[in-house]
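First comes the structure, then the notes that go with it.
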Number of protein chains: 2
Amino acid sequence: MASEPKTLNDLFWDTLKDIYYAEKQILKALPKMAKAAKSPELKQAFEKHRNETEIHVDRLGDVFEIIGKAPRGKTCDAILGIIDEGKSIMEEFEGSPALDAGLLAAAQAVEHYEISRYGTLKAWAQELGLGNAAKLFDQTLTEELKTHQALSQLGESKVNKQAQPKAA
Amino acid sequence: MASEPKTLNDLFWDTLKDIYYAEKQILKALPKMAKAAKSPELKQAFEKHRNETEIHVDRLGDVFEIIGKAPRGKTCDAILGIIDEGKSIMEEFEGSPALDAGLLAAAQAVEHYEISRYGTLKAWAQELGLGNAAKLFDQTLTEELKTHQALSQLGESKVNKQAQPKAA
């Protein structure tokens, strides 16, 4: 092919569009997960994460601006698959005491996908000399890691314990 | 519905089938990623992880035995989506100096999915009093975290630096 070979800039832009799309999907999924959750603490955790996700989308908008591109998503099969698994849990475990444990696990899979993408984007931004973008990714990464830890703690201290039917 | 509500045991079994299917898909994907990688270190990292993945599949077999079920997979849309994104990178960045950086990022997304699932399964095994299963998950989790760290280090020290075309 006579076209120029793709560069790390192209890969960075592609992955930025991937996580932008993913965050928008997560914004739509979290209210449904909050509605389905039985535990008030889990509901609250999903609502809090929804609000944070709005800030994460805004930060991605800032990164698009830094690289002089219009904010645009690119279909991300990974997040669609992860969210679909969460939907299946909601359907299959409706009315089960294990529903919340399943929702929490689905949310952790979402968190891990985000952690993976933001870690990658931060490293690439540093490599590309995009210090301000790296800082924005680092802020979001720190918040995603905190959410992941908070969910783990909520799972172990409460949600998983409530997942078993009460002894008669 | 007159049927018994699903329990944490059902959720555990479902998720065990999910990661069993995912590991089998990863076993098929890693040799293709190793073949595509240009950096000898990245090739070696993928080959090493492939060998470890065989052990992880065996350990999952042991957990199926612990719960008295035959080892069986359940289609996992999440891992299919994650692996598909890796395939797209291989196609779109063929011949690009950024190919390895993209492959490494795809492998990190796979790692994070596994870390998420094994973390969840370990917590549930503990809750269900399946101490031996929890130990097996913990071994695999430790190895996945090590692979994740090794990939991050390889990315920052070498692969990302080689992703930009050499200055003339």
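All residue names refer to the structure tokens as shown: chains lettered A, B, ... in order, residues numbered from 1 in each chain, ligands numbered from 1 in order.
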
Using 8 Å as the limit and counting only C-alpha atoms, can you tabulate each residue of chain B that touches chain A, with its shortest atom-to-atom distance in Å and the two atoms involved, as CSV?
```
residue,atom,partner,partner_atom,distance
B:Pro5,CA,A:Ser96,CA,5.2
B:Lys6,CA,A:Ser96,CA,5.3
B:Thr7,CA,A:Ala98,CA,5.6
B:Leu8,CA,A:Ala98,CA,5.1
B:Leu11,CA,A:Gly102,CA,6.9
B:Cys76,CA,A:Glu85,CA,7.6
B:Asp77,CA,A:Gly81,CA,4.5
B:Ala78,CA,A:Gly81,CA,3.9
B:Ile79,CA,A:Ala78,CA,7.1
B:Leu80,CA,A:Ala78,CA,7.4
B:Gly81,CA,A:Ala78,CA,3.9
B:Ile82,CA,A:Ala78,CA,4.5
B:Ile83,CA,A:Ala78,CA,7.9
B:Asp84,CA,A:Asp77,CA,7.3
B:Glu85,CA,A:Asp77,CA,6.9
B:Phe93,CA,A:Lys6,CA,6.2
B:Gly95,CA,A:Pro5,CA,6.7
B:Ser96,CA,A:Pro5,CA,5.2
B:Pro97,CA,A:Thr7,CA,6.6
B:Ala98,CA,A:Leu8,CA,5.1
B:Ala101,CA,A:Leu8,CA,7.9
B:Gly102,CA,A:Leu11,CA,6.9
B:Ala105,CA,A:Thr120,CA,6.2
B:Gln108,CA,A:Ser116,CA,6.2
B:Ala109,CA,A:Ser116,CA,5.5
B:His112,CA,A:His112,CA,5.4
B:Tyr113,CA,A:Ala109,CA,6.2
B:Ile115,CA,A:His112,CA,7.9
B:Ser116,CA,A:Ala109,CA,5.5
B:Arg117,CA,A:Ala109,CA,7.2
B:Thr120,CA,A:Ala105,CA,6.2
B:Ala123,CA,A:Glu156,CA,6.8
B:Trp124,CA,A:Asn160,CA,6.9
B:Glu127,CA,A:Asn160,CA,6.8
B:Glu156,CA,A:Ala123,CA,6.8
B:Asn160,CA,A:Glu127,CA,6.8
B:Lys161,CA,A:Glu127,CA,6.8
B:Ala163,CA,A:Leu8,CA,5.7
B:Gln164,CA,A:Leu8,CA,5.9
B:Pro165,CA,A:Thr7,CA,7.3
```

Save out the residues we just selected, N, CA, C and O atoms, as a short mmCIF file (atom, residue, chain, number, x, y, z; two decimals), in the first residue's frame.
```cif
data_model
loop_
_atom_site.label_atom_id
_atom_site.label_comp_id
_atom_site.auth_asym_id
_atom_site.auth_seq_id
_atom_site.Cartn_x
_atom_site.Cartn_y
_atom_site.Cartn_z
N PRO B 5 -35.63 -20.01 43.51
CA PRO B 5 -34.80 -18.87 43.10
C PRO B 5 -33.34 -19.29 43.00
O PRO B 5 -32.88 -20.18 43.73
N LYS B 6 -32.63 -18.65 42.08
CA LYS B 6 -31.22 -18.98 41.90
C LYS B 6 -30.41 -18.49 43.10
O LYS B 6 -30.76 -17.52 43.75
N THR B 7 -29.33 -19.20 43.35
CA THR B 7 -28.52 -18.89 44.53
C THR B 7 -27.11 -18.44 44.13
O THR B 7 -26.76 -18.42 42.95
N LEU B 8 -26.31 -18.11 45.16
CA LEU B 8 -24.92 -17.75 44.93
C LEU B 8 -24.15 -18.93 44.31
O LEU B 8 -23.23 -18.73 43.53
N LEU B 11 -24.70 -18.66 40.65
CA LEU B 11 -23.93 -17.54 40.11
C LEU B 11 -22.45 -17.93 39.99
O LEU B 11 -21.78 -17.63 39.00
N CYS B 76 -18.93 -16.37 26.36
CA CYS B 76 -18.64 -15.16 27.12
C CYS B 76 -18.45 -14.03 26.12
O CYS B 76 -17.41 -13.91 25.47
N ASP B 77 -19.52 -13.20 25.96
CA ASP B 77 -19.47 -12.11 24.97
C ASP B 77 -18.37 -11.11 25.28
O ASP B 77 -17.82 -10.49 24.37
N ALA B 78 -18.07 -10.95 26.56
CA ALA B 78 -17.05 -9.97 26.95
C ALA B 78 -15.70 -10.35 26.34
O ALA B 78 -15.06 -9.52 25.69
N ILE B 79 -15.28 -11.59 26.53
CA ILE B 79 -13.95 -11.96 26.03
C ILE B 79 -13.95 -11.97 24.50
O ILE B 79 -12.93 -11.61 23.87
N LEU B 80 -15.07 -12.35 23.89
CA LEU B 80 -15.13 -12.33 22.42
C LEU B 80 -14.93 -10.91 21.91
O LEU B 80 -14.19 -10.67 20.94
N GLY B 81 -15.57 -9.94 22.58
CA GLY B 81 -15.42 -8.53 22.21
C GLY B 81 -13.99 -8.06 22.39
O GLY B 81 -13.42 -7.39 21.53
N ILE B 82 -13.40 -8.43 23.51
CA ILE B 82 -12.02 -8.00 23.82
C ILE B 82 -11.05 -8.59 22.79
O ILE B 82 -10.17 -7.89 22.26
N ILE B 83 -11.23 -9.86 22.47
CA ILE B 83 -10.34 -10.51 21.50
C ILE B 83 -10.56 -9.94 20.09
O ILE B 83 -9.60 -9.74 19.34
N ASP B 84 -11.81 -9.64 19.76
CA ASP B 84 -12.10 -9.03 18.45
C ASP B 84 -11.39 -7.69 18.29
O ASP B 84 -10.90 -7.36 17.20
N GLU B 85 -11.32 -6.93 19.37
CA GLU B 85 -10.62 -5.65 19.30
C GLU B 85 -9.13 -5.88 19.02
O GLU B 85 -8.51 -5.12 18.28
N PHE B 93 -3.15 -2.22 12.06
CA PHE B 93 -1.80 -1.71 12.32
C PHE B 93 -0.71 -2.62 11.77
O PHE B 93 0.44 -2.51 12.16
N GLY B 95 2.21 -3.74 9.76
CA GLY B 95 3.25 -2.96 9.11
C GLY B 95 3.55 -1.63 9.80
O GLY B 95 4.45 -0.90 9.39
N SER B 96 2.79 -1.31 10.86
CA SER B 96 3.01 -0.05 11.58
C SER B 96 3.98 -0.29 12.75
O SER B 96 3.92 -1.33 13.39
N PRO B 97 4.84 0.70 13.05
CA PRO B 97 5.71 0.54 14.23
C PRO B 97 4.90 0.51 15.53
O PRO B 97 5.43 0.12 16.57
N ALA B 98 3.62 0.93 15.46
CA ALA B 98 2.79 0.95 16.66
C ALA B 98 2.06 -0.39 16.90
O ALA B 98 1.35 -0.54 17.89
N ALA B 101 2.61 -2.02 20.33
CA ALA B 101 1.96 -1.26 21.41
C ALA B 101 0.47 -1.59 21.45
O ALA B 101 -0.12 -1.74 22.52
N GLY B 102 -0.13 -1.74 20.28
CA GLY B 102 -1.55 -2.10 20.20
C GLY B 102 -1.82 -3.51 20.69
O GLY B 102 -2.80 -3.76 21.39
N ALA B 105 -1.57 -3.54 24.43
CA ALA B 105 -2.78 -2.96 25.04
C ALA B 105 -3.94 -3.97 25.01
O ALA B 105 -4.71 -4.09 25.97
N GLN B 108 -3.43 -6.44 27.68
CA GLN B 108 -3.76 -5.87 28.99
C GLN B 108 -5.27 -5.90 29.24
O GLN B 108 -5.72 -6.14 30.37
N ALA B 109 -6.05 -5.66 28.19
CA ALA B 109 -7.51 -5.71 28.35
C ALA B 109 -7.94 -7.14 28.71
O ALA B 109 -8.82 -7.35 29.55
N HIS B 112 -6.97 -7.77 32.37
CA HIS B 112 -7.90 -7.13 33.31
C HIS B 112 -9.21 -7.88 33.41
O HIS B 112 -9.80 -7.95 34.48
N TYR B 113 -9.67 -8.43 32.28
CA TYR B 113 -10.92 -9.21 32.36
C TYR B 113 -10.71 -10.43 33.26
O TYR B 113 -11.53 -10.73 34.13
N ILE B 115 -8.43 -10.79 35.64
CA ILE B 115 -8.23 -10.34 37.03
C ILE B 115 -9.59 -10.07 37.68
O ILE B 115 -9.83 -10.46 38.83
N SER B 116 -10.47 -9.43 36.93
CA SER B 116 -11.81 -9.14 37.44
C SER B 116 -12.56 -10.43 37.80
O SER B 116 -13.12 -10.56 38.90
N ARG B 117 -12.54 -11.40 36.88
CA ARG B 117 -13.30 -12.64 37.11
C ARG B 117 -12.71 -13.47 38.25
O ARG B 117 -13.44 -14.03 39.06
N THR B 120 -13.50 -11.93 41.63
CA THR B 120 -14.89 -12.21 41.97
C THR B 120 -15.06 -13.66 42.44
O THR B 120 -15.67 -13.93 43.47
N ALA B 123 -13.62 -14.32 45.90
CA ALA B 123 -14.49 -13.78 46.98
C ALA B 123 -15.71 -14.68 47.19
O ALA B 123 -16.09 -14.98 48.33
N TRP B 124 -16.32 -15.14 46.09
CA TRP B 124 -17.50 -15.99 46.21
C TRP B 124 -17.15 -17.36 46.78
O TRP B 124 -17.92 -17.93 47.56
N GLU B 127 -16.95 -17.02 50.41
CA GLU B 127 -18.30 -16.87 50.97
C GLU B 127 -19.02 -18.23 51.03
O GLU B 127 -19.78 -18.50 51.96
N GLU B 156 6.30 0.26 28.92
CA GLU B 156 6.92 1.55 29.22
C GLU B 156 8.41 1.57 28.91
O GLU B 156 8.95 2.58 28.46
N ASN B 160 6.41 0.79 23.86
CA ASN B 160 5.84 2.10 23.50
C ASN B 160 6.89 3.01 22.87
O ASN B 160 6.57 3.82 21.99
N LYS B 161 8.14 2.87 23.32
CA LYS B 161 9.22 3.70 22.75
C LYS B 161 9.48 3.33 21.29
O LYS B 161 9.86 4.17 20.48
N ALA B 163 7.25 2.38 19.27
CA ALA B 163 6.01 2.54 18.51
C ALA B 163 6.04 3.75 17.59
O ALA B 163 5.16 3.90 16.74
N GLN B 164 7.01 4.62 17.78
CA GLN B 164 7.09 5.80 16.93
C GLN B 164 8.13 5.57 15.84
O GLN B 164 9.16 4.95 16.10
N PRO B 165 7.85 6.08 14.64
CA PRO B 165 8.83 5.89 13.56
C PRO B 165 10.14 6.56 13.95
O PRO B 165 10.13 7.59 14.64
#
```

Inset, instruction - Could you give me the residues within chain A that DSSP places in helix (DSSP H, G or I), as number ranges by chain? - result: A: 8-36, 40-66, 77-92, 99-127, 131-159, 161-163

Legend entry - Nearest to A:Lys17, chosen from A:Pro40, A:Gly61, A:Gly73, A:Pro31, with only C-alpha atoms counted in the distances: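 With only C-alpha atoms as the atom set, the closest residue is A:Gly73.
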
Inset, instruction - May I ask which of the residues A:Ile19, A:Ile66, A:Val159, A:Leu154 is the closest one to A:Gly129, counting only C-alpha atoms? - result: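 Ranked by minimum distance to A:Gly129, first place goes to A:Ile66.
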
Legend entry - Surrounding residues of B:Phe137 excluding itself and chain neighbours under 6 positions, 9 Å, only C-alpha atoms, as a ChimeraX atom specification: /B:56,59-60,63,118-119,121-122,125

Could those residues be written to a file, using C-alpha atoms, as a short mmCIF file (atom, residue, chain, number, x, y, z; two decimals), in the first residue's frame?
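Dumped to again.cif:
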```
data_model
loop_
_atom_site.label_atom_id
_atom_site.label_comp_id
_atom_site.auth_asym_id
_atom_site.auth_seq_id
_atom_site.Cartn_x
_atom_site.Cartn_y
_atom_site.Cartn_z
CA HIS B 56 -5.15 -21.92 34.62
CA ARG B 59 -7.02 -25.32 37.82
CA LEU B 60 -10.53 -24.46 36.63
CA VAL B 63 -12.67 -26.32 40.75
CA TYR B 118 -10.76 -14.41 39.33
CA GLY B 119 -11.13 -11.71 42.01
CA LEU B 121 -14.67 -16.02 41.99
CA LYS B 122 -12.17 -16.01 44.88
CA ALA B 125 -15.57 -19.21 46.91
#
```

Legend entry - Point-to-point distance from atom CA of B:Lys24 to atom CA of B:Asn51, Å rounded to tenths: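 Distance between the two atoms: 12.2 Å.
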
Inset, instruction - In Å, rounded to a single decimal, give me how far atom CA of B:Tyr20 is from atom CA of B:Asp138. - result: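 Going from atom CA of B:Asp138 over to atom CA of B:Tyr20 covers 15.7 Å.
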